[in-house]
Amino acid sequence: MSLDDQKKALRAEAKARRLAAFEKHGASAGAQIAAHGLDFCGARPPRIVSGFSAIGDEIDPAALMRRLDGEGFKLALPVIAGKAKPLLMRAWAPGEPLEDKTWGISEPLESAAEVHPDILLVPLLAFDPHGYRLGYGGGFYDRTLAKLRALKPVIAIGLAFDEQRLDAVPRDRYDLPCDWVLTPSGPIACS
């Protein structure tokens, strides 16, 4: 079975696991993640943290982003620039307007400044102890991490339910690991 076929099969299983975790924990997971903050990775304001607009049964980072805003961090959200391209990160703060764009994802307005975050919060379907994540298959976050890490050190933090952890995620040379995964039960340092 090819690597692409392995990932495709695992995505179906991982989506079901995440949905079950979402149905079990619901909105409380986002609040639990927010309670941890980002002290565990040494982050201090005024660093720039890029979150994401949760879709479907993803853990919603909104409560964490509000906390970070209150602590003095600068925030950003991703913008889809096109197929097979890295995401752009635009400055954003809670309460500022968003537009529904590709796949119904809320993005900052085009007038918002492009920024290069120091910390990237990353959605995922599954993760392993080494920080490798299974995404949706578009490669957006891997390309984005490669682009940003070519400019400066960037900490990638996957946000996940504890139930999304696997022993291993199939990967190739383009897959870049997260440094941490933050779950409702706490942060996991990836090796």
# chains A, B, ... in the order shown; residues from 1 in each chain; ligands from 1

call {"tool": "select_by_dssp", "arguments": {"residues": "segment 89-176 of chain A", "states": "strand (DSSP E)", "output": "MDAnalysis selection string"}}
result
chainID A and resid 89:91 98:100 106:108 119:122 126:127 133:134 155:159

call {"tool": "write_last_selection", "arguments": {"atoms": "C-alpha atoms", "output": "mmCIF file, in the first residue's frame"}}
result
data_model
loop_
_atom_site.group_PDB
_atom_site.id
_atom_site.type_symbol
_atom_site.label_atom_id
_atom_site.label_comp_id
_atom_site.auth_asym_id
_atom_site.auth_seq_id
_atom_site.Cartn_x
_atom_site.Cartn_y
_atom_site.Cartn_z
ATOM 1 C CA MET A 89 -1.029 34.776 8.100
ATOM 2 C CA ARG A 90 -2.917 38.013 8.626
ATOM 3 C CA ALA A 91 -3.075 40.035 11.834
ATOM 4 C CA LEU A 98 -13.863 37.937 9.455
ATOM 5 C CA GLU A 99 -15.019 36.766 6.032
ATOM 6 C CA ASP A 100 -16.198 33.244 5.216
ATOM 7 C CA SER A 106 -13.422 32.410 8.456
ATOM 8 C CA GLU A 107 -10.436 34.565 7.470
ATOM 9 C CA PRO A 108 -9.280 38.101 8.303
ATOM 10 C CA ILE A 119 3.983 30.334 17.197
ATOM 11 C CA LEU A 120 1.625 28.423 14.937
ATOM 12 C CA LEU A 121 -1.431 26.624 16.361
ATOM 13 C CA VAL A 122 -2.217 23.739 14.037
ATOM 14 C CA ALA A 126 -4.209 12.585 14.457
ATOM 15 C CA PHE A 127 -0.733 12.968 15.968
ATOM 16 C CA ARG A 133 0.369 15.009 12.400
ATOM 17 C CA LEU A 134 -2.166 13.719 9.978
ATOM 18 C CA ILE A 155 7.098 26.825 17.369
ATOM 19 C CA ALA A 156 4.332 24.599 15.975
ATOM 20 C CA ILE A 157 1.686 23.461 18.459
ATOM 21 C CA GLY A 158 -0.942 20.962 17.363
ATOM 22 C CA LEU A 159 -4.323 21.232 19.103
#

call {"tool": "residues_around", "arguments": {"residues": "Gln32 of chain A", "least_positions_apart": "6", "cutoff": "12 Å", "atoms": "only C-alpha atoms", "output": "PyMOL selection string"}}
result
chain A and resi 25-26+59-64+67+159-162+182-187

call {"tool": "write_last_selection", "arguments": {"atoms": "N, CA and C atoms", "output": "short mmCIF file (atom, residue, chain, number, x, y, z; two decimals), in the first residue's frame"}}
result
data_model
loop_
_atom_site.label_atom_id
_atom_site.label_comp_id
_atom_site.auth_asym_id
_atom_site.auth_seq_id
_atom_site.Cartn_x
_atom_site.Cartn_y
_atom_site.Cartn_z
N HIS A 25 -16.64 15.39 24.48
CA HIS A 25 -16.11 16.53 25.23
C HIS A 25 -16.69 17.88 24.82
N GLY A 26 -17.10 18.01 23.57
CA GLY A 26 -17.69 19.24 23.08
C GLY A 26 -16.86 20.48 23.33
N ILE A 59 -11.07 21.02 17.58
CA ILE A 59 -11.04 21.77 18.84
C ILE A 59 -10.99 23.25 18.48
N ASP A 60 -11.83 24.03 19.12
CA ASP A 60 -11.92 25.45 18.82
C ASP A 60 -10.89 26.21 19.67
N PRO A 61 -9.92 26.88 19.03
CA PRO A 61 -8.91 27.62 19.79
C PRO A 61 -9.36 29.02 20.21
N ALA A 62 -10.63 29.37 19.98
CA ALA A 62 -11.09 30.74 20.25
C ALA A 62 -10.84 31.16 21.70
N ALA A 63 -11.14 30.30 22.67
CA ALA A 63 -10.93 30.67 24.08
C ALA A 63 -9.45 30.87 24.39
N LEU A 64 -8.59 30.04 23.82
CA LEU A 64 -7.15 30.20 24.00
C LEU A 64 -6.70 31.52 23.38
N ARG A 67 -7.59 34.39 25.56
CA ARG A 67 -6.67 34.45 26.70
C ARG A 67 -5.35 35.08 26.28
N LEU A 159 -3.23 21.25 18.13
CA LEU A 159 -4.32 21.23 19.10
C LEU A 159 -5.16 19.99 18.84
N ALA A 160 -5.35 19.18 19.87
CA ALA A 160 -6.02 17.90 19.67
C ALA A 160 -6.72 17.41 20.93
N PHE A 161 -7.69 16.55 20.72
CA PHE A 161 -8.26 15.77 21.81
C PHE A 161 -7.24 14.68 22.16
N ASP A 162 -7.21 14.26 23.41
CA ASP A 162 -6.29 13.19 23.82
C ASP A 162 -6.51 11.93 22.98
N LEU A 182 -1.01 20.27 22.24
CA LEU A 182 -1.75 20.70 23.42
C LEU A 182 -3.11 20.02 23.40
N THR A 183 -3.37 19.23 24.44
CA THR A 183 -4.64 18.52 24.58
C THR A 183 -5.36 19.04 25.83
N PRO A 184 -6.63 18.70 26.01
CA PRO A 184 -7.33 19.13 27.22
C PRO A 184 -6.63 18.70 28.51
N SER A 185 -5.91 17.58 28.49
CA SER A 185 -5.24 17.13 29.71
C SER A 185 -3.86 17.76 29.89
N GLY A 186 -3.38 18.50 28.89
CA GLY A 186 -2.12 19.21 29.05
C GLY A 186 -1.23 19.14 27.83
N PRO A 187 -0.09 19.86 27.88
CA PRO A 187 0.83 19.88 26.75
C PRO A 187 1.68 18.62 26.69
#

call {"tool": "select_by_dssp", "arguments": {"residues": "chain A", "states": "alpha helix (DSSP H)", "output": "JSON, numbers by chain"}}
result
{"A": [3, 4, 5, 6, 7, 8, 9, 10, 11, 12, 13, 14, 15, 16, 17, 18, 19, 20, 21, 22, 23, 24, 25, 28, 29, 30, 31, 32, 33, 34, 35, 36, 62, 63, 64, 65, 66, 67, 68, 69, 70, 71, 140, 141, 142, 143, 144, 145, 146, 147, 148, 149, 150, 151]}

call {"tool": "write_last_selection", "arguments": {"atoms": "N, CA and C atoms", "output": "compact mmCIF listing (two decimals), in the first residue's frame"}}
result
# COMPACT_ATOMS: atom_id res chain seq x y z
N LEU A 3 2.12 5.22 0.47
CA LEU A 3 2.00 6.13 1.61
C LEU A 3 0.71 6.94 1.51
N ASP A 4 0.37 7.40 0.31
CA ASP A 4 -0.87 8.16 0.12
C ASP A 4 -2.09 7.31 0.49
N ASP A 5 -2.07 6.04 0.09
CA ASP A 5 -3.19 5.15 0.43
C ASP A 5 -3.26 4.90 1.94
N GLN A 6 -2.09 4.75 2.58
CA GLN A 6 -2.07 4.57 4.04
C GLN A 6 -2.68 5.78 4.74
N LYS A 7 -2.28 6.97 4.28
CA LYS A 7 -2.80 8.20 4.90
C LYS A 7 -4.30 8.34 4.66
N LYS A 8 -4.73 8.00 3.47
CA LYS A 8 -6.16 8.11 3.14
C LYS A 8 -6.98 7.19 4.05
N ALA A 9 -6.52 5.96 4.22
CA ALA A 9 -7.24 5.01 5.08
C ALA A 9 -7.23 5.48 6.53
N LEU A 10 -6.09 6.00 6.97
CA LEU A 10 -5.99 6.48 8.35
C LEU A 10 -6.85 7.72 8.57
N ARG A 11 -6.98 8.57 7.55
CA ARG A 11 -7.83 9.76 7.69
C ARG A 11 -9.26 9.40 8.04
N ALA A 12 -9.80 8.38 7.39
CA ALA A 12 -11.18 7.97 7.67
C ALA A 12 -11.32 7.53 9.13
N GLU A 13 -10.37 6.75 9.60
CA GLU A 13 -10.38 6.29 11.00
C GLU A 13 -10.19 7.48 11.96
N ALA A 14 -9.25 8.36 11.63
CA ALA A 14 -8.96 9.51 12.49
C ALA A 14 -10.14 10.47 12.57
N LYS A 15 -10.84 10.66 11.46
CA LYS A 15 -12.03 11.53 11.47
C LYS A 15 -13.09 10.97 12.41
N ALA A 16 -13.27 9.65 12.37
CA ALA A 16 -14.26 9.01 13.25
C ALA A 16 -13.84 9.15 14.72
N ARG A 17 -12.56 8.98 15.02
CA ARG A 17 -12.06 9.13 16.40
C ARG A 17 -12.25 10.56 16.90
N ARG A 18 -11.93 11.52 16.02
CA ARG A 18 -12.07 12.92 16.43
C ARG A 18 -13.53 13.28 16.65
N LEU A 19 -14.40 12.81 15.77
CA LEU A 19 -15.83 13.09 15.94
C LEU A 19 -16.33 12.52 17.27
N ALA A 20 -15.93 11.29 17.59
CA ALA A 20 -16.35 10.68 18.86
C ALA A 20 -15.83 11.49 20.05
N ALA A 21 -14.59 11.97 19.96
CA ALA A 21 -14.03 12.78 21.04
C ALA A 21 -14.77 14.11 21.16
N PHE A 22 -15.10 14.71 20.02
CA PHE A 22 -15.84 15.97 20.02
C PHE A 22 -17.22 15.78 20.64
N GLU A 23 -17.89 14.68 20.28
CA GLU A 23 -19.22 14.42 20.84
C GLU A 23 -19.15 14.16 22.34
N LYS A 24 -18.06 13.59 22.80
CA LYS A 24 -17.89 13.31 24.23
C LYS A 24 -17.54 14.57 25.02
N HIS A 25 -16.64 15.39 24.48
CA HIS A 25 -16.11 16.53 25.23
C HIS A 25 -16.69 17.88 24.82
N SER A 28 -16.15 22.00 25.97
CA SER A 28 -15.30 22.03 27.16
C SER A 28 -13.82 21.83 26.81
N ALA A 29 -13.54 21.15 25.71
CA ALA A 29 -12.15 20.90 25.31
C ALA A 29 -11.43 22.21 25.00
N GLY A 30 -12.09 23.12 24.31
CA GLY A 30 -11.48 24.41 24.00
C GLY A 30 -11.17 25.20 25.26
N ALA A 31 -12.08 25.15 26.22
CA ALA A 31 -11.87 25.85 27.50
C ALA A 31 -10.71 25.21 28.28
N GLN A 32 -10.61 23.88 28.23
CA GLN A 32 -9.52 23.20 28.94
C GLN A 32 -8.17 23.53 28.31
N ILE A 33 -8.13 23.61 27.00
CA ILE A 33 -6.89 23.99 26.32
C ILE A 33 -6.51 25.41 26.71
N ALA A 34 -7.49 26.30 26.72
CA ALA A 34 -7.23 27.70 27.08
C ALA A 34 -6.67 27.81 28.49
N ALA A 35 -7.14 26.96 29.39
CA ALA A 35 -6.67 27.01 30.78
C ALA A 35 -5.17 26.73 30.89
N HIS A 36 -4.62 25.99 29.94
CA HIS A 36 -3.18 25.68 29.96
C HIS A 36 -2.34 26.86 29.50
N ALA A 62 -10.63 29.37 19.98
CA ALA A 62 -11.09 30.74 20.25
C ALA A 62 -10.84 31.16 21.70
N ALA A 63 -11.14 30.30 22.67
CA ALA A 63 -10.93 30.67 24.08
C ALA A 63 -9.45 30.87 24.39
N LEU A 64 -8.59 30.04 23.82
CA LEU A 64 -7.15 30.20 24.00
C LEU A 64 -6.70 31.52 23.38
N MET A 65 -7.20 31.83 22.21
CA MET A 65 -6.79 33.06 21.54
C MET A 65 -7.26 34.29 22.33
N ARG A 66 -8.44 34.23 22.90
CA ARG A 66 -8.90 35.35 23.75
C ARG A 66 -7.98 35.51 24.96
N ARG A 67 -7.59 34.39 25.56
CA ARG A 67 -6.67 34.45 26.70
C ARG A 67 -5.35 35.08 26.28
N LEU A 68 -4.80 34.62 25.16
CA LEU A 68 -3.52 35.14 24.69
C LEU A 68 -3.61 36.63 24.37
N ASP A 69 -4.72 37.05 23.78
CA ASP A 69 -4.94 38.47 23.50
C ASP A 69 -4.91 39.25 24.81
N GLY A 70 -5.59 38.76 25.83
CA GLY A 70 -5.61 39.41 27.13
C GLY A 70 -4.25 39.46 27.80
N GLU A 71 -3.38 38.50 27.47
CA GLU A 71 -2.02 38.46 28.04
C GLU A 71 -1.05 39.35 27.27
N PHE A 140 -1.09 22.19 3.36
CA PHE A 140 -1.01 23.63 3.64
C PHE A 140 -0.09 23.94 4.82
N TYR A 141 -0.28 23.23 5.93
CA TYR A 141 0.51 23.55 7.12
C TYR A 141 1.97 23.12 6.97
N ASP A 142 2.25 22.03 6.28
CA ASP A 142 3.64 21.64 6.05
C ASP A 142 4.36 22.69 5.21
N ARG A 143 3.73 23.16 4.14
CA ARG A 143 4.33 24.21 3.31
C ARG A 143 4.50 25.50 4.09
N THR A 144 3.50 25.82 4.92
CA THR A 144 3.56 27.04 5.71
C THR A 144 4.69 26.98 6.73
N LEU A 145 4.80 25.85 7.44
CA LEU A 145 5.89 25.70 8.40
C LEU A 145 7.26 25.79 7.73
N ALA A 146 7.41 25.16 6.58
CA ALA A 146 8.68 25.22 5.85
C ALA A 146 9.01 26.66 5.49
N LYS A 147 8.03 27.39 4.99
CA LYS A 147 8.25 28.80 4.61
C LYS A 147 8.62 29.64 5.83
N LEU A 148 7.85 29.51 6.91
CA LEU A 148 8.10 30.33 8.10
C LEU A 148 9.43 29.96 8.77
N ARG A 149 9.73 28.67 8.85
CA ARG A 149 10.98 28.25 9.50
C ARG A 149 12.21 28.61 8.69
N ALA A 150 12.04 28.90 7.39
CA ALA A 150 13.15 29.40 6.58
C ALA A 150 13.45 30.86 6.93
N LEU A 151 12.46 31.55 7.53
CA LEU A 151 12.62 32.96 7.90
C LEU A 151 13.13 33.14 9.33

call {"tool": "atom_distance", "arguments": {"atom1": "atom CA of Cys41 of chain A", "atom2": "atom CA of Pro153 of chain A"}}
result
13.0 Å

call {"tool": "closest_residue", "arguments": {"among": "A:Leu87, A:Glu58, A:Met1, A:Trp92", "to": "Lys74 of chain A", "atoms": "only C-alpha atoms"}}
result
A:Trp92

call {"tool": "residues_around", "arguments": {"residues": "Ile48 of chain A", "least_positions_apart": "3", "cutoff": "6 Å", "atoms": "only C-alpha atoms", "output": "PyMOL selection string"}}
result
chain A and resi 74-75+117-118

call {"tool": "write_last_selection", "arguments": {"atoms": "C-alpha atoms", "output": "short mmCIF file (atom, residue, chain, number, x, y, z; two decimals), in the first residue's frame"}}
result
data_model
loop_
_atom_site.label_atom_id
_atom_site.label_comp_id
_atom_site.auth_asym_id
_atom_site.auth_seq_id
_atom_site.Cartn_x
_atom_site.Cartn_y
_atom_site.Cartn_z
CA LYS A 74 -0.38 39.60 19.00
CA LEU A 75 -2.70 37.28 17.06
CA PRO A 117 4.07 34.32 13.51
CA ASP A 118 6.46 33.02 16.13
#

call {"tool": "closest_residue", "arguments": {"among": "A:Phe40, A:Ala81, A:Phe73, A:Gly95", "to": "Asp179 of chain A", "atoms": "only C-alpha atoms"}}
result
A:Phe40

call {"tool": "closest_residue", "arguments": {"among": "A:Pro129, A:Gly139, A:Gly37, A:Gly82", "to": "Tyr174 of chain A", "atoms": "only C-alpha atoms"}}
result
A:Gly139

call {"tool": "closest_residue", "arguments": {"among": "A:Pro177, A:Pro170, A:Pro46, A:Gly104", "to": "His130 of chain A", "atoms": "only C-alpha atoms"}}
result
A:Pro177

call {"tool": "closest_residue", "arguments": {"among": "A:Gly42, A:Pro78, A:Gly56, A:Pro86", "to": "Ala113 of chain A", "atoms": "only C-alpha atoms"}}
result
A:Pro78
